[in-house]
file upload-v1.cif (mmCIF, C-alpha atoms)
data_final
loop_
_atom_site.label_atom_id
_atom_site.label_comp_id
_atom_site.auth_asym_id
_atom_site.auth_seq_id
_atom_site.Cartn_x
_atom_site.Cartn_y
_atom_site.Cartn_z
CA MET A 27 30.92 -64.49 20.85
CA ARG A 28 34.71 -64.44 20.73
CA ALA A 29 36.15 -67.87 21.51
CA PRO A 30 38.68 -68.13 24.38
CA GLN A 31 42.18 -67.74 23.00
CA PRO A 32 44.40 -70.82 23.41
CA ARG A 33 47.50 -70.46 25.50
CA THR A 34 50.84 -70.91 23.80
CA GLU A 35 53.53 -73.31 24.97
CA GLY A 36 55.26 -71.97 28.05
CA ASP A 37 52.15 -70.18 29.34
CA ALA A 38 51.79 -72.61 32.23
CA VAL A 39 49.10 -71.60 34.69
CA PRO A 40 49.01 -72.80 38.31
CA GLY A 41 46.16 -75.17 39.07
CA SER A 42 43.22 -74.25 41.28
CA GLU A 43 44.58 -76.22 44.24
CA GLU A 44 47.89 -74.36 44.15
CA LEU A 45 46.14 -71.01 43.67
CA HIS A 46 43.85 -71.72 46.61
CA LYS A 47 46.85 -72.31 48.83
CA ARG A 48 48.42 -69.05 47.67
CA ARG A 49 45.14 -67.27 48.28
CA GLY A 50 45.05 -68.45 51.88
CA ALA A 51 48.40 -66.81 52.51
CA ALA A 52 47.71 -63.59 50.60
CA VAL A 53 44.00 -62.70 50.51
CA ALA A 54 42.01 -61.51 53.51
CA ARG A 55 39.78 -64.28 54.89
CA GLY A 56 36.75 -61.97 54.84
CA VAL A 57 36.70 -62.03 51.02
CA GLY A 58 34.68 -65.10 50.08
CA SER A 59 34.10 -66.98 46.83
CA VAL A 60 31.30 -69.28 45.72
CA ILE A 61 33.61 -71.94 44.24
CA SER A 62 37.27 -72.81 44.81
CA SER A 63 38.11 -73.21 41.10
CA TYR A 64 40.04 -70.36 39.46
CA VAL A 65 39.01 -68.90 36.12
CA ASP A 66 41.25 -69.02 33.06
CA THR A 67 38.91 -67.90 30.25
CA ALA A 68 35.23 -67.06 29.83
CA SER A 69 33.04 -66.42 26.82
CA GLY A 70 29.30 -66.28 26.20
CA GLY A 71 27.60 -68.52 28.77
CA THR A 72 30.60 -70.57 29.91
CA ILE A 73 33.66 -70.24 32.11
CA THR A 74 36.76 -72.44 31.85
CA ASP A 75 38.96 -72.84 34.91
CA VAL A 76 42.73 -73.19 35.04
CA ASP A 77 42.36 -76.99 35.24
CA GLY A 78 40.47 -77.05 31.94
CA ARG A 79 37.04 -77.67 33.44
CA GLU A 80 34.08 -75.93 31.82
CA TRP A 81 31.35 -74.33 33.90
CA ILE A 82 27.96 -73.25 32.62
CA ASP A 83 27.47 -69.76 34.00
CA PHE A 84 24.14 -69.03 35.69
CA ALA A 85 25.65 -66.15 37.68
CA ALA A 86 27.11 -63.70 35.12
CA GLY A 87 29.34 -62.19 37.80
CA ILE A 88 26.15 -61.34 39.74
CA ALA A 89 24.29 -59.91 36.73
CA VAL A 90 27.34 -58.03 35.43
CA THR A 91 28.38 -59.81 32.22
CA SER A 92 24.96 -59.61 30.59
CA VAL A 93 26.53 -59.14 27.15
CA GLY A 94 28.80 -62.11 27.87
CA ASN A 95 32.44 -62.27 28.81
CA SER A 96 34.85 -60.98 26.18
CA ALA A 97 32.00 -59.55 24.11
CA PRO A 98 33.55 -58.51 20.76
CA ARG A 99 32.44 -54.86 20.79
CA VAL A 100 33.56 -54.45 24.40
CA VAL A 101 36.96 -56.01 23.71
CA GLU A 102 37.52 -53.80 20.68
CA ALA A 103 36.39 -50.63 22.47
CA VAL A 104 38.55 -51.30 25.52
CA ARG A 105 41.61 -52.09 23.40
CA ALA A 106 41.20 -48.90 21.38
CA GLN A 107 40.73 -46.76 24.50
CA VAL A 108 43.75 -48.24 26.29
CA GLU A 109 45.89 -47.30 23.32
CA ARG A 110 44.64 -43.68 23.47
CA PHE A 111 44.78 -43.05 27.25
CA THR A 112 43.81 -44.89 30.42
CA HIS A 113 42.97 -42.09 32.84
CA THR A 114 42.96 -38.33 33.27
CA CYS A 115 40.16 -37.96 35.87
CA PHE A 116 37.08 -36.36 34.38
CA MET A 117 37.17 -33.72 37.13
CA VAL A 118 40.64 -32.66 35.94
CA ALA A 119 40.72 -33.17 32.18
CA PRO A 120 37.35 -34.30 30.78
CA TYR A 121 36.74 -36.50 27.73
CA GLU A 122 33.92 -37.24 25.29
CA SER A 123 33.08 -40.81 26.32
CA TYR A 124 31.91 -39.73 29.79
CA VAL A 125 29.51 -37.27 28.18
CA ALA A 126 28.35 -39.92 25.67
CA VAL A 127 27.55 -42.43 28.43
CA CYS A 128 25.53 -39.79 30.29
CA GLU A 129 23.64 -38.98 27.08
CA GLN A 130 22.79 -42.65 26.61
CA LEU A 131 21.59 -43.06 30.21
CA ASN A 132 19.48 -39.92 30.02
CA ALA A 133 17.77 -41.30 26.92
CA LEU A 134 17.34 -44.91 28.09
CA THR A 135 16.08 -44.55 31.66
CA PRO A 136 12.35 -44.11 32.39
CA GLY A 137 10.84 -40.66 31.98
CA THR A 138 10.70 -38.13 29.15
CA PHE A 139 11.69 -35.13 31.29
CA GLU A 140 15.11 -33.46 31.11
CA LYS A 141 17.75 -35.52 32.91
CA ARG A 142 21.34 -35.38 34.08
CA SER A 143 23.74 -38.18 35.00
CA ALA A 144 26.89 -38.56 37.07
CA LEU A 145 29.26 -41.54 36.87
CA PHE A 146 30.87 -43.51 39.69
CA ASN A 147 32.61 -46.85 40.27
CA SER A 148 30.21 -49.17 42.09
CA GLY A 149 26.58 -49.67 42.96
CA ALA A 150 27.16 -48.65 46.56
CA GLU A 151 28.74 -45.38 45.39
CA ALA A 152 25.75 -44.73 43.16
CA VAL A 153 23.32 -45.27 46.04
CA GLU A 154 25.31 -43.01 48.37
CA ASN A 155 25.34 -40.25 45.77
CA ALA A 156 21.63 -40.61 45.06
CA VAL A 157 21.02 -40.06 48.77
CA LYS A 158 23.33 -37.02 48.69
CA VAL A 159 21.41 -35.57 45.76
CA ALA A 160 18.01 -36.18 47.37
CA ARG A 161 19.04 -34.67 50.69
CA HIS A 162 20.64 -31.64 49.08
CA ALA A 163 17.73 -30.98 46.72
CA THR A 164 14.97 -31.40 49.33
CA GLY A 165 16.70 -30.04 52.42
CA ARG A 166 15.43 -33.10 54.30
CA GLN A 167 17.45 -35.83 55.98
CA ALA A 168 15.46 -39.04 56.43
CA VAL A 169 15.87 -41.92 53.99
CA VAL A 170 13.39 -44.80 53.85
CA ALA A 171 14.40 -48.30 52.72
CA PHE A 172 12.59 -51.64 52.76
CA ASP A 173 12.73 -54.98 54.51
CA HIS A 174 14.95 -57.49 52.66
CA ALA A 175 16.74 -54.65 50.84
CA TYR A 176 20.35 -54.78 49.70
CA HIS A 177 22.08 -51.56 48.65
CA GLY A 178 25.80 -52.11 49.30
CA ARG A 179 28.65 -52.53 51.76
CA THR A 180 29.77 -48.97 52.56
CA ASN A 181 28.72 -47.45 55.87
CA LEU A 182 25.62 -45.67 54.57
CA THR A 183 24.60 -48.52 52.27
CA MET A 184 25.05 -51.08 55.06
CA ALA A 185 22.55 -49.01 57.04
CA LEU A 186 20.19 -49.21 54.06
CA THR A 187 20.77 -52.95 53.67
CA ALA A 188 18.45 -55.15 55.73
CA LYS A 189 20.51 -58.33 56.10
CA ASN A 190 22.90 -58.61 59.03
CA MET A 191 25.04 -61.61 58.11
CA PRO A 192 27.41 -61.31 56.34
CA TYR A 193 26.97 -57.68 55.36
CA LYS A 194 26.49 -55.76 58.62
CA HIS A 195 27.64 -58.03 61.44
CA ARG A 196 29.86 -56.08 63.89
CA PHE A 197 30.58 -53.29 61.38
CA GLY A 198 28.50 -50.58 63.09
CA PRO A 199 27.67 -47.99 64.12
CA PHE A 200 25.97 -47.11 60.87
CA ALA A 201 24.80 -43.87 59.30
CA GLY A 202 21.76 -42.30 60.91
CA GLU A 203 18.38 -41.12 59.65
CA VAL A 204 17.75 -44.41 57.85
CA HIS A 205 14.33 -45.97 58.40
CA ARG A 206 12.93 -49.33 57.29
CA VAL A 207 9.40 -50.24 56.25
CA PRO A 208 7.68 -53.48 55.15
CA MET A 209 8.18 -54.72 51.59
CA SER A 210 5.53 -56.32 49.41
CA TYR A 211 6.54 -60.02 49.56
CA PRO A 212 3.61 -61.93 48.04
CA LEU A 213 4.69 -65.37 49.25
CA ARG A 214 4.83 -64.16 52.86
CA ASP A 215 2.28 -61.32 52.87
CA GLY A 216 -0.83 -63.30 53.66
CA GLY A 217 -2.55 -62.31 50.44
CA LEU A 218 -2.02 -58.53 50.60
CA SER A 219 -2.52 -56.80 47.28
CA GLY A 220 0.08 -54.37 45.99
CA ALA A 221 -2.08 -51.43 47.00
CA GLU A 222 -2.60 -52.84 50.50
CA ALA A 223 1.12 -53.54 50.96
CA ALA A 224 1.93 -50.01 49.80
CA ALA A 225 -0.60 -48.56 52.24
CA ARG A 226 1.08 -50.52 55.05
CA ALA A 227 4.52 -49.15 54.11
CA ILE A 228 3.23 -45.59 53.73
CA ASP A 229 1.42 -45.74 57.07
CA THR A 230 4.67 -46.81 58.74
CA VAL A 231 6.54 -43.88 57.18
CA GLU A 232 3.92 -41.32 58.13
CA LYS A 233 3.61 -42.54 61.72
CA GLN A 234 7.25 -43.27 62.51
CA VAL A 235 9.17 -40.77 60.37
CA GLY A 236 6.80 -38.11 59.05
CA ALA A 237 6.52 -37.59 55.31
CA GLU A 238 7.73 -34.00 55.64
CA ASN A 239 11.08 -35.28 56.95
CA VAL A 240 11.75 -37.80 54.17
CA ALA A 241 14.26 -36.92 51.48
CA ALA A 242 14.22 -40.22 49.61
CA LEU A 243 12.27 -43.44 49.32
CA LEU A 244 14.75 -46.04 48.04
CA ILE A 245 13.56 -49.30 46.52
CA GLU A 246 14.73 -52.12 44.27
CA PRO A 247 11.89 -52.75 41.75
CA ILE A 248 12.76 -56.44 42.15
CA GLN A 249 14.87 -57.12 45.20
CA GLY A 250 18.22 -58.78 44.54
CA GLU A 251 20.15 -60.17 47.48
CA GLY A 252 16.90 -60.09 49.50
CA GLY A 253 15.62 -63.04 47.48
CA PHE A 254 14.48 -61.82 44.03
CA VAL A 255 11.29 -60.63 45.68
CA VAL A 256 8.87 -59.31 43.05
CA PRO A 257 6.37 -56.93 44.69
CA ALA A 258 2.68 -57.42 44.00
CA ALA A 259 1.27 -55.52 41.04
CA GLY A 260 0.34 -51.99 42.01
CA PHE A 261 2.86 -51.70 44.86
CA LEU A 262 5.40 -49.58 42.98
CA PRO A 263 2.80 -47.30 41.30
CA ALA A 264 1.21 -46.60 44.70
CA LEU A 265 4.59 -45.64 46.16
CA ARG A 266 5.21 -43.40 43.16
CA GLN A 267 1.89 -41.64 43.71
CA TRP A 268 2.57 -41.11 47.42
CA ALA A 269 6.12 -39.86 46.87
CA THR A 270 4.92 -37.28 44.35
CA ALA A 271 2.23 -35.99 46.73
CA ALA A 272 4.67 -35.89 49.67
CA GLY A 273 7.54 -34.22 47.81
CA VAL A 274 9.74 -37.28 48.42
CA VAL A 275 12.40 -38.30 45.89
CA LEU A 276 11.65 -41.81 44.62
CA VAL A 277 14.96 -43.59 43.98
CA ALA A 278 14.86 -46.84 42.01
CA ASP A 279 17.87 -49.06 42.68
CA GLU A 280 18.16 -50.75 39.28
CA ILE A 281 21.71 -51.91 39.90
CA GLN A 282 20.87 -55.62 39.48
CA THR A 283 17.67 -55.29 37.46
CA GLY A 284 18.82 -52.78 34.85
CA PHE A 285 20.09 -53.12 31.29
CA CYS A 286 17.69 -55.68 29.84
CA ARG A 287 18.01 -58.20 32.70
CA THR A 288 14.26 -58.42 33.41
CA GLY A 289 13.11 -58.31 29.79
CA ASP A 290 12.81 -54.51 29.69
CA TRP A 291 15.64 -52.01 29.67
CA PHE A 292 14.75 -51.35 33.31
CA ALA A 293 12.47 -53.18 35.74
CA CYS A 294 10.47 -50.01 36.41
CA ASP A 295 9.31 -50.12 32.79
CA HIS A 296 7.16 -53.17 33.49
CA GLU A 297 4.50 -51.11 35.33
CA GLY A 298 5.34 -47.78 33.76
CA VAL A 299 6.80 -46.42 37.02
CA VAL A 300 8.99 -43.35 36.51
CA PRO A 301 11.40 -42.74 39.41
CA ASP A 302 13.00 -39.38 40.12
CA LEU A 303 16.48 -40.90 40.36
CA VAL A 304 17.81 -44.25 39.16
CA THR A 305 20.98 -45.94 40.43
CA LEU A 306 22.81 -48.09 37.89
CA ALA A 307 25.83 -50.40 37.82
CA LYS A 308 26.51 -54.14 37.25
CA GLY A 309 25.38 -54.80 33.64
CA ILE A 310 26.27 -51.31 32.45
CA ALA A 311 29.80 -51.95 31.13
CA GLY A 312 30.36 -55.59 30.24
CA GLY A 313 32.34 -56.35 33.38
CA LEU A 314 34.29 -53.14 33.88
CA PRO A 315 33.62 -51.09 37.03
CA LEU A 316 31.16 -48.31 36.30
CA ALA A 317 28.06 -46.95 38.02
CA ALA A 318 25.75 -44.00 37.62
CA VAL A 319 22.99 -41.89 39.06
CA THR A 320 20.54 -40.60 36.46
CA GLY A 321 17.53 -38.45 37.18
CA ARG A 322 15.55 -35.27 36.97
CA ALA A 323 17.72 -32.35 35.91
CA GLU A 324 16.42 -30.06 38.66
CA LEU A 325 17.44 -32.60 41.32
CA MET A 326 20.82 -33.53 39.88
CA ASP A 327 21.73 -29.90 39.15
CA ALA A 328 20.77 -28.78 42.65
CA VAL A 329 24.14 -29.96 43.97
CA HIS A 330 26.93 -27.36 43.99
CA VAL A 331 29.89 -27.73 41.62
CA GLY A 332 32.40 -30.16 43.13
CA GLY A 333 29.77 -31.87 45.28
CA LEU A 334 29.69 -34.97 43.06
CA GLY A 335 32.57 -36.93 41.60
CA GLY A 336 35.49 -39.17 42.44
CA THR A 337 38.97 -39.92 41.17
CA TYR A 338 38.05 -42.94 39.06
CA GLY A 339 34.34 -42.25 38.46
CA GLY A 340 33.58 -42.57 34.76
CA ASN A 341 37.04 -43.90 33.90
CA PRO A 342 37.51 -43.68 30.10
CA ILE A 343 38.09 -47.42 29.67
CA ALA A 344 34.90 -48.24 31.56
CA CYS A 345 33.01 -45.61 29.56
CA ALA A 346 34.21 -47.15 26.29
CA ALA A 347 33.05 -50.54 27.54
CA ALA A 348 29.66 -49.14 28.53
CA LEU A 349 29.03 -47.59 25.13
CA ALA A 350 29.98 -50.88 23.46
CA SER A 351 27.76 -52.84 25.86
CA ILE A 352 24.73 -50.63 25.22
CA GLU A 353 25.31 -50.93 21.47
CA THR A 354 25.46 -54.73 21.86
CA MET A 355 22.22 -54.76 23.85
CA ARG A 356 20.49 -52.83 21.10
CA GLU A 357 21.96 -54.80 18.22
CA LEU A 358 21.18 -58.21 19.74
CA ASP A 359 17.90 -57.08 21.35
CA LEU A 360 18.96 -58.50 24.68
CA ALA A 361 15.70 -57.44 26.32
CA ALA A 362 13.94 -59.93 24.06
CA ALA A 363 16.69 -62.47 24.77
CA ALA A 364 16.02 -62.06 28.50
CA ARG A 365 12.33 -62.74 27.97
CA ARG A 366 13.15 -65.89 25.98
CA ILE A 367 15.58 -67.09 28.66
CA GLY A 368 12.94 -66.41 31.30
CA SER A 369 10.39 -68.46 29.41
CA VAL A 370 12.73 -71.46 29.07
CA LEU A 371 14.02 -71.26 32.65
CA GLY A 372 10.56 -70.61 34.06
CA ASP A 373 9.04 -73.64 32.37
CA ARG A 374 11.80 -75.92 33.62
CA LEU A 375 11.69 -74.49 37.15
CA ARG A 376 7.93 -74.86 37.39
CA ALA A 377 8.25 -78.48 36.24
CA ILE A 378 10.76 -79.14 39.02
CA ALA A 379 8.53 -77.33 41.54
CA ALA A 380 5.55 -79.49 40.56
CA ARG A 381 7.32 -82.58 41.88
CA ASP A 382 9.49 -81.08 44.65
CA PRO A 383 7.50 -79.83 47.68
CA ARG A 384 10.53 -77.93 48.96
CA ILE A 385 9.96 -75.26 46.30
CA ALA A 386 7.45 -72.79 47.70
CA GLU A 387 7.61 -70.39 44.77
CA VAL A 388 9.18 -69.81 41.37
CA ARG A 389 9.48 -66.08 40.82
CA GLY A 390 11.29 -63.33 38.96
CA ARG A 391 11.13 -61.70 35.57
CA GLY A 392 13.09 -62.21 32.38
CA ALA A 393 16.54 -63.65 32.99
CA MET A 394 16.31 -62.89 36.72
CA LEU A 395 14.57 -65.91 38.22
CA ALA A 396 14.66 -67.69 41.56
CA VAL A 397 13.13 -70.49 43.62
CA GLU A 398 12.48 -70.22 47.34
CA LEU A 399 13.02 -73.42 49.33
CA VAL A 400 11.07 -74.27 52.48
CA ARG A 401 10.32 -77.27 54.65
CA PRO A 402 7.56 -79.13 52.78
CA GLY A 403 4.06 -78.10 53.76
CA THR A 404 5.23 -74.92 55.53
CA LEU A 405 6.76 -71.54 54.83
CA VAL A 406 9.67 -72.26 57.17
CA PRO A 407 12.83 -71.34 55.22
CA ASP A 408 15.22 -74.20 54.37
CA PRO A 409 18.66 -72.68 53.76
CA ALA A 410 20.31 -76.09 54.11
CA ALA A 411 18.36 -77.38 51.11
CA ALA A 412 19.33 -74.33 49.04
CA ALA A 413 22.98 -74.80 49.95
CA ALA A 414 22.85 -78.52 49.14
CA VAL A 415 21.25 -78.04 45.73
CA SER A 416 23.71 -75.27 44.87
CA ALA A 417 26.65 -77.44 45.95
CA ALA A 418 25.37 -80.29 43.77
CA CYS A 419 25.20 -77.89 40.82
CA HIS A 420 28.78 -76.77 41.43
CA ALA A 421 29.98 -80.35 41.60
CA ALA A 422 28.37 -81.01 38.20
CA GLY A 423 29.74 -77.87 36.52
CA LEU A 424 26.92 -75.33 36.87
CA LEU A 425 27.69 -72.04 38.59
CA THR A 426 24.71 -70.95 40.70
CA LEU A 427 24.13 -68.47 43.53
CA THR A 428 22.03 -68.44 46.68
CA CYS A 429 20.45 -65.37 48.26
CA GLY A 430 17.55 -64.23 50.42
CA THR A 431 17.16 -62.84 53.90
CA TYR A 432 16.85 -66.44 55.12
CA GLY A 433 19.52 -67.86 52.78
CA ASN A 434 16.93 -70.19 51.23
CA VAL A 435 16.67 -68.84 47.69
CA LEU A 436 18.45 -70.12 44.58
CA ARG A 437 18.83 -67.35 42.00
CA PHE A 438 19.60 -67.64 38.30
CA LEU A 439 21.27 -64.86 36.30
CA PRO A 440 22.67 -66.31 33.06
CA PRO A 441 24.37 -64.00 30.57
CA LEU A 442 21.79 -62.73 28.11
CA VAL A 443 23.85 -64.16 25.23
CA ILE A 444 23.83 -67.71 26.60
CA SER A 445 23.15 -70.29 23.89
CA ASP A 446 20.13 -72.58 23.85
CA ASP A 447 22.44 -75.56 24.29
CA GLU A 448 24.17 -74.03 27.32
CA LEU A 449 20.82 -73.10 28.83
CA THR A 450 19.47 -76.60 28.35
CA ARG A 451 22.58 -78.27 29.75
CA GLY A 452 22.51 -75.98 32.75
CA MET A 453 18.88 -76.75 33.48
CA ASP A 454 19.55 -80.48 33.11
CA ILE A 455 22.23 -80.16 35.80
CA LEU A 456 19.88 -78.20 38.05
CA ASP A 457 17.11 -80.72 37.53
CA ALA A 458 19.44 -83.55 38.54
CA ALA A 459 20.71 -81.55 41.53
CA PHE A 460 17.18 -81.30 42.94
CA GLY A 461 16.83 -85.03 42.55
#
call {"tool": "encode", "arguments": {"input": "upload-v1.cif", "output": "structure tokens"}}
result
Amino acid sequence: MRAPQPRTEGDAVPGSEELHKRRGAAVARGVGSVISSYVDTASGGTITDVDGREWIDFAAGIAVTSVGNSAPRVVEAVRAQVERFTHTCFMVAPYESYVAVCEQLNALTPGTFEKRSALFNSGAEAVENAVKVARHATGRQAVVAFDHAYHGRTNLTMALTAKNMPYKHRFGPFAGEVHRVPMSYPLRDGGLSGAEAAARAIDTVEKQVGAENVAALLIEPIQGEGGFVVPAAGFLPALRQWATAAGVVLVADEIQTGFCRTGDWFACDHEGVVPDLVTLAKGIAGGLPLAAVTGRAELMDAVHVGGLGGTYGGNPIACAAALASIETMRELDLAAAARRIGSVLGDRLRAIAARDPRIAEVRGRGAMLAVELVRPGTLVPDPAAAAAVSAACHAAGLLTLTCGTYGNVLRFLPPLVISDDELTRGMDILDAAFG
């Protein structure tokens, strides 16, 4: 990866303490940060702050910089595009890179049927537009989401998101015709199989909503903010089968799981599940804001001309970055890299769990792993323990994140280009933090 470029004399940068004071006077209090250090440079699996301190990155900007920060192909592509033009709005004066990104997404996402794509700015935008497409194509209104789901911070996506604090608290009223059903959560399901958990969810839909009223069934193949919950085997295929029979659009939210993160190009690939629509963002463009909805041509093309779009959606700089990121993923086989990272992290996490009774479960797939912390001998969530371990990691120079409906899950999302040395050093810090 490209090494951080040294600053020349006279390029003095304020320290983190000074920047934090300035932030308090300029930035809205509702915008939070995990750490109070301020980034100067980042490359591969590390971040260096303005005080010269190095952090091992187990967050990747929340699964965004999968190809690493300052990835060479991305840097070159962005520089070349900036020199040509920065924006025209695809809806006004279109350009080739938007079309090329859509071609790539149509080819990469699950399913061999004819597809179409539309580009947006954020994951929440992608989810909103997937709902628009499903409602328009089916003529139905109801949307079904799952317990522990996270789909964004806009009004509709807050309604789809299950967690109140901090995402929904006092921001209502929310969009209507959103219904919630139980998720397959093996640790807390009392031994339900995937098929049994799916039958429970389907029964709830049919009794409380009516299948004939449902436009879309929206699910994260592995839940993100909800706690990296991996549904039991068979859960997703059973939902796929029911949605097909009921004429319901199955929407896979692959915003956090997509683009090699779980060891496949997409998490749905693991069980061969083919959704009707897929929402994409995060790892798509090496850190630049880009999102997409990709799916069956007959669904996507059902919307009237002008019904989809946005001023910045598919910005040419972001499109250039996406094409370079996808090329990097192919060239470096980052799906295989994710599987290798998952093997190393998983072994170390299971070793910690074997001696620490607070860890109820190690779970995840590929380079998307987590541990759920509880009071020993129970399933009572222990968010204080998760916060304490994460704080100890931060103090020692490892950037980690917490998540989960109960705030008791530590999640690990290293860049897929992280070196073996960085991975080992990070796990050594985590190991010590648990101690």
call {"tool": "residues_around", "arguments": {"input": "upload-v1.cif", "residues": "Ala350 in chain A", "least_positions_apart": "2", "cutoff": "12 Å", "atoms": "all atoms listed in the file", "output": "VMD selection string"}}
result
chain A and resid 93 96 to 107 123 126 to 127 130 309 to 314 343 to 348 352 to 357
call {"tool": "residues_around", "arguments": {"input": "upload-v1.cif", "residues": "range 171-183 of chain A", "least_positions_apart": "6", "cutoff": "9 Å", "atoms": "only C-alpha atoms", "output": "ChimeraX atom specification"}}
result
/A:148-151,153-154,189,193-194,197-202,204-210,227,242-246,249-253,255,279,281,430-431
call {"tool": "atom_distance", "arguments": {"input": "upload-v1.cif", "atom1": "CA of Phe285 in chain A", "atom2": "CA of Ala364 in chain A"}}
result
10.2 Å
call {"tool": "closest_residue", "arguments": {"input": "upload-v1.cif", "among": "A:Glu324, A:Arg401, A:Gly298, A:Leu375", "to": "Phe139 in chain A", "atoms": "all atoms listed in the file"}}
result
A:Glu324
call {"tool": "closest_residue", "arguments": {"input": "upload-v1.cif", "among": "A:Lys158, A:His420, A:His46, A:Arg389", "to": "Ala241 in chain A", "atoms": "all atoms listed in the file"}}
result
A:Lys158
call {"tool": "atom_distance", "arguments": {"input": "upload-v1.cif", "atom1": "CA of Arg322 in chain A", "atom2": "CA of Arg166 in chain A"}}
result
17.5 Å
call {"tool": "build_atoms", "arguments": {"input": "upload-v1.cif", "residues": "range 375-389 of chain A", "atoms": "N, CA, C and O atoms", "output": "PDB file, in the coordinates of the input"}}
result
ATOM      1  N   LEU A 375      11.772 -74.639  35.695  1.00  0.00           N
ATOM      2  CA  LEU A 375      11.690 -74.490  37.150  1.00  0.00           C
ATOM      3  C   LEU A 375      10.320 -74.868  37.682  1.00  0.00           C
ATOM      4  O   LEU A 375      10.196 -75.512  38.724  1.00  0.00           O
ATOM      5  N   ARG A 376       9.284 -74.494  36.950  1.00  0.00           N
ATOM      6  CA  ARG A 376       7.930 -74.860  37.390  1.00  0.00           C
ATOM      7  C   ARG A 376       7.714 -76.372  37.305  1.00  0.00           C
ATOM      8  O   ARG A 376       6.994 -76.957  38.142  1.00  0.00           O
ATOM      9  N   ALA A 377       8.352 -77.014  36.336  1.00  0.00           N
ATOM     10  CA  ALA A 377       8.250 -78.480  36.240  1.00  0.00           C
ATOM     11  C   ALA A 377       8.933 -79.141  37.430  1.00  0.00           C
ATOM     12  O   ALA A 377       8.428 -80.127  37.989  1.00  0.00           O
ATOM     13  N   ILE A 378      10.082 -78.607  37.834  1.00  0.00           N
ATOM     14  CA  ILE A 378      10.760 -79.140  39.020  1.00  0.00           C
ATOM     15  C   ILE A 378       9.899 -78.898  40.259  1.00  0.00           C
ATOM     16  O   ILE A 378       9.733 -79.785  41.104  1.00  0.00           O
ATOM     17  N   ALA A 379       9.340 -77.677  40.368  1.00  0.00           N
ATOM     18  CA  ALA A 379       8.530 -77.330  41.540  1.00  0.00           C
ATOM     19  C   ALA A 379       7.298 -78.226  41.663  1.00  0.00           C
ATOM     20  O   ALA A 379       6.850 -78.531  42.779  1.00  0.00           O
ATOM     21  N   ALA A 380       6.758 -78.657  40.527  1.00  0.00           N
ATOM     22  CA  ALA A 380       5.550 -79.490  40.560  1.00  0.00           C
ATOM     23  C   ALA A 380       5.789 -80.825  41.237  1.00  0.00           C
ATOM     24  O   ALA A 380       4.848 -81.447  41.747  1.00  0.00           O
ATOM     25  N   ARG A 381       7.030 -81.282  41.260  1.00  0.00           N
ATOM     26  CA  ARG A 381       7.320 -82.580  41.880  1.00  0.00           C
ATOM     27  C   ARG A 381       8.184 -82.462  43.134  1.00  0.00           C
ATOM     28  O   ARG A 381       8.454 -83.479  43.779  1.00  0.00           O
ATOM     29  N   ASP A 382       8.626 -81.246  43.477  1.00  0.00           N
ATOM     30  CA  ASP A 382       9.490 -81.080  44.650  1.00  0.00           C
ATOM     31  C   ASP A 382       8.814 -80.138  45.640  1.00  0.00           C
ATOM     32  O   ASP A 382       8.766 -78.924  45.419  1.00  0.00           O
ATOM     33  N   PRO A 383       8.264 -80.670  46.735  1.00  0.00           N
ATOM     34  CA  PRO A 383       7.500 -79.830  47.680  1.00  0.00           C
ATOM     35  C   PRO A 383       8.367 -78.843  48.455  1.00  0.00           C
ATOM     36  O   PRO A 383       7.820 -78.001  49.177  1.00  0.00           O
ATOM     37  N   ARG A 384       9.672 -78.918  48.306  1.00  0.00           N
ATOM     38  CA  ARG A 384      10.530 -77.930  48.960  1.00  0.00           C
ATOM     39  C   ARG A 384      10.447 -76.565  48.287  1.00  0.00           C
ATOM     40  O   ARG A 384      10.799 -75.543  48.891  1.00  0.00           O
ATOM     41  N   ILE A 385      10.024 -76.526  47.041  1.00  0.00           N
ATOM     42  CA  ILE A 385       9.960 -75.260  46.300  1.00  0.00           C
ATOM     43  C   ILE A 385       8.617 -74.599  46.586  1.00  0.00           C
ATOM     44  O   ILE A 385       7.565 -75.048  46.120  1.00  0.00           O
ATOM     45  N   ALA A 386       8.677 -73.508  47.350  1.00  0.00           N
ATOM     46  CA  ALA A 386       7.450 -72.790  47.700  1.00  0.00           C
ATOM     47  C   ALA A 386       7.009 -71.860  46.592  1.00  0.00           C
ATOM     48  O   ALA A 386       5.810 -71.579  46.455  1.00  0.00           O
ATOM     49  N   GLU A 387       7.972 -71.357  45.803  1.00  0.00           N
ATOM     50  CA  GLU A 387       7.610 -70.390  44.770  1.00  0.00           C
ATOM     51  C   GLU A 387       8.715 -70.317  43.733  1.00  0.00           C
ATOM     52  O   GLU A 387       9.903 -70.363  44.042  1.00  0.00           O
ATOM     53  N   VAL A 388       8.308 -70.195  42.479  1.00  0.00           N
ATOM     54  CA  VAL A 388       9.180 -69.810  41.370  1.00  0.00           C
ATOM     55  C   VAL A 388       8.841 -68.369  41.051  1.00  0.00           C
ATOM     56  O   VAL A 388       7.664 -68.038  40.832  1.00  0.00           O
ATOM     57  N   ARG A 389       9.807 -67.483  41.041  1.00  0.00           N
ATOM     58  CA  ARG A 389       9.480 -66.080  40.820  1.00  0.00           C
ATOM     59  C   ARG A 389      10.631 -65.361  40.094  1.00  0.00           C
ATOM     60  O   ARG A 389      11.729 -65.879  39.964  1.00  0.00           O
TER      61      ARG A 389
END
